[in-house]
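Q: I'd like to ask some things about the structure below.
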Amino acid sequence: MAGSFRDKVRPKSFPARYPQWMVGWHLLISSSALASLGDAMFGYSQGAIAALQVQPPSIRRFFGKDVTIEQIQAGNTGIDPYRSLNITTFIAALAAAYVCDVLSRRISLRLGGIVYFVAALIQIFSPNLASLIVGRSLQGVGVGMLSMTVPIIQCEIAPGYARGFFISIEYLCLNAGYALSAWVGYGFFFALPHEISWKGVYVVQAAMALVLCMWSFVIPETPRFLIKNGFLDEGLRVLADLHADGNVDDADVRQTLREIQDTVRLEAAMGEASWAQVFNGINAILYFLPENLLRAGFTVEKSLLYAGVSSIMYCAGTVPTMFGIDRLVRRPFLITGSFALAAALAVVGGVQFYPCVYLFFYGATWGPGPWLLGAEIFPMRARAKGMALSTTSNWVSNFIIAFITPPVFAAIGGGYYFILLGFCIVSGRFVFFVYPETALKSLEELGSVFNDQSTEEVEKMKHMPG
């Protein structure tokens, strides 16, 4: 029954339609960058809610309280931020694994964009808190699908020698989305007391989702999904279009095709991966940055401005990673990042400078690193489920942080940052003693890094007929 349903809903064709001027590096970079718009929307959703919580019109609309700028600056609003996004994102990231495997990576991207667009419209026209939470929860579904799907697309279209570069593009777009939300929130602040001061944030959100939905009809399906599902000619054509200017006879393209076919045959013999087989402190800063700056004595206007400045540092941190994580490999980046973040957290007294330093190092190391590792370490048959679990663990952590940060910060103040500091040190030690190096290998070669039986089996497969 399940197989019959899959056959009915699975796409039947993936026509290749790219003109010669579009193929090669242009197609690869544009596909990577515009798919990463999905992560930009993820980053945008983090910053959008931060600005909303310091706007008098939105507080009046959704919480029924007339507050002044002075009350907001003093922290005397008497409201609690809602955190529904993380719950639905967690659930959607798990469900998106099936969409990716059955309907394709590209359709998962499209569905995430459509859901995000509808959620933006609901939030724009929300008359009360209940409807806003519905919109925010639905937005979480879109974010969950996008945050799980985009890293898979990046890894499956990128050449092995530049996979870190392409995941860094993705994370740069995520950071840019957060930066955009910070500056959009700051810009619309000057529209007070009109309600466009908070609605404008969601209008931009809807526009981003619309662009992504339109682009999802142009982006190529990943060659590994195509070849695994029997579209060999289409898979070969996409490989050539992405990596060899459309030359299907290119030696590297043919070698990659053989490696993927060998892996597909092996994994078909091993069967589908089950969930059990796969399952073998930045958000404390981002969600509450304007509020934390208010606690430090800044006005609402200045807190939104400095949140925007910090977001630029967040983006800037990703730039050296784009050009270094493949050359200098993964482990040094993550270990250095852990201790740099610990040092930044220790400088808790200089709060007006501290977020910039912290966000720069996070954007350079632990920002893109886990998204890259989560997408590249799993074999093809388990990649969607593995990335779903990796993504949901991130969202569970976000959910916990969103709930505990306000009360813990109220109870112990700056001491909270030293708790986060401890986790940074633990993460660095964990990478040093546990993480293997995964750079400069194709996705099909990574089985040897983790001592999978697939390495020997693939060699046997190469000598089998057909």
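Chain identifiers are assigned as A, B, and so on, following the order in which chains appear in the structure tokens; residues are numbered from 1 within each chain, and ligands are numbered from 1 in order of appearance.
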Counting only C-alpha atoms, what is within 6 Å of Gly235 (chain A), bar same-chain residues fewer than 5 positions away, as a list in words?

A: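 Here the qualifying residues turn out to be Pro223, Leu226 and Ile227 of chain A.
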
Q: What is the CA of Trp215 (chain A) to CA of Gly369 (chain A) distance in Å?

A: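 Value for the CA of Trp215 (chain A)-CA of Gly369 (chain A) distance: 26.3 Å.
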
Q: Write out as a VMD selection string each polymer residue whose atoms come within 10 Å of Ser197 (chain A), counting only C-alpha atoms; drop sequence neighbours fewer than 4 positions from it.

A: chain A and resid 51 to 52 55 to 58 184 to 193 201

Q: Write out as a ChimeraX atom specification the set of residues from region 43-264 of chain A that DSSP, computed on the backbone, places in helix (DSSP H, G or I).

A: /A:43-52,56-63,69-74,84-102,105-124,129-157,160-189,196-215,223-228,232-243,251-264

Q: Mind pulling up the distance from CA of Gly414 (chain A) to CA of Gly337 (chain A)?

A: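 CA of Gly414 (chain A) lies 21.3 Å from CA of Gly337 (chain A).
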
Q: From the options A:Phe225, A:Phe62, A:Phe117, A:Tyr416, which residue's atoms come nearest to Trp198 (chain A), counting only C-alpha atoms?

A: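 Ranked by minimum distance to Trp198 (chain A), first place goes to A:Phe62.
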
Q: Mind checking which residues fall within 7 Å of region 355-364 of chain A, counting only C-alpha atoms, ignoring those fewer than 6 positions away in the same chain, and posting them as a list in words?

A: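 Neighbouring residues, sequence-local ones excluded: Ser310, Met313, Tyr314, Cys315, Ala316, Gly317, Thr318, Pro320, Thr321, Gly337, Ala340, Leu341, Ala344 and Leu345 of chain A.
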
Q: Could you save those same residues with N, CA, C and O atoms as a tab-separated table (two decimals), in the first residue's frame?

A:
```
chain	number	residue	atom	x	y	z
A	310	SER	N	25.03	44.46	15.10
A	310	SER	CA	25.50	43.12	15.48
A	310	SER	C	25.21	42.11	14.38
A	310	SER	O	26.01	41.20	14.14
A	313	MET	N	27.94	42.01	11.82
A	313	MET	CA	29.09	41.23	12.27
A	313	MET	C	28.81	39.73	12.15
A	313	MET	O	29.69	38.93	11.83
A	314	TYR	N	27.58	39.34	12.40
A	314	TYR	CA	27.15	37.96	12.26
A	314	TYR	C	27.36	37.48	10.83
A	314	TYR	O	27.89	36.38	10.57
A	315	CYS	N	26.96	38.31	9.86
A	315	CYS	CA	27.18	37.99	8.45
A	315	CYS	C	28.66	37.98	8.09
A	315	CYS	O	29.14	37.08	7.38
A	316	ALA	N	29.40	38.97	8.58
A	316	ALA	CA	30.82	39.09	8.24
A	316	ALA	C	31.61	37.87	8.69
A	316	ALA	O	32.57	37.46	8.03
A	317	GLY	N	31.20	37.26	9.80
A	317	GLY	CA	31.92	36.09	10.28
A	317	GLY	C	31.88	34.93	9.32
A	317	GLY	O	32.80	34.09	9.30
A	318	THR	N	30.85	34.86	8.48
A	318	THR	CA	30.73	33.74	7.55
A	318	THR	C	31.69	33.84	6.37
A	318	THR	O	32.06	32.83	5.78
A	320	PRO	N	35.08	34.57	5.98
A	320	PRO	CA	36.31	33.77	6.00
A	320	PRO	C	36.05	32.28	5.96
A	320	PRO	O	36.87	31.51	5.43
A	321	THR	N	34.91	31.84	6.48
A	321	THR	CA	34.58	30.42	6.46
A	321	THR	C	34.33	29.94	5.04
A	321	THR	O	34.72	28.83	4.67
A	337	GLY	N	36.62	27.85	17.12
A	337	GLY	CA	35.38	28.55	17.39
A	337	GLY	C	34.88	28.36	18.81
A	337	GLY	O	34.40	29.30	19.45
A	340	ALA	N	36.99	30.53	21.10
A	340	ALA	CA	36.78	31.95	20.82
A	340	ALA	C	35.42	32.40	21.37
A	340	ALA	O	35.30	33.50	21.94
A	341	LEU	N	34.41	31.56	21.24
A	341	LEU	CA	33.10	31.88	21.78
A	341	LEU	C	33.13	31.94	23.30
A	341	LEU	O	32.49	32.80	23.92
A	344	ALA	N	34.57	35.23	24.23
A	344	ALA	CA	33.62	36.32	24.02
A	344	ALA	C	32.56	36.35	25.12
A	344	ALA	O	32.17	37.42	25.60
A	345	LEU	N	32.10	35.17	25.52
A	345	LEU	CA	31.10	35.11	26.58
A	345	LEU	C	31.66	35.59	27.93
A	345	LEU	O	30.93	36.09	28.78
```

Q: Which of these residues is nearest to Pro151 (chain A), using only C-alpha atoms: A:Arg105, A:Arg330, A:Lys228, A:Lys199?

A: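 So, comparing all the options, the nearest one is A:Arg105.
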
Q: So, counting only C-alpha atoms, which residue among A:Gly200, A:Gly64, A:Gly413, A:Gly142 is closest to Ser181 (chain A)?

A: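 For Ser181 (chain A), the nearest of the candidates is A:Gly200.
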
Q: Taking only C-alpha atoms into account, name the residue in A:Thr149, A:Thr68, A:Thr88, A:Ser31 that is nearest to Ala388 (chain A).

A: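 For Ala388 (chain A), the nearest of the candidates is A:Thr149.
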
Q: What does the distance between CA of Val319 (chain A) and CA of Leu174 (chain A) come to in Å, to one decimal place?

A: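 Computing the Euclidean distance for CA of Val319 (chain A) and CA of Leu174 (chain A) yields 12.6 Å.
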
Q: Which one of A:Ala33, A:Leu121, A:Met22, A:Leu257 sits closest to Ile153 (chain A) if you count only C-alpha atoms?

A: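 For Ile153 (chain A), the nearest of the given residues is A:Ala33.
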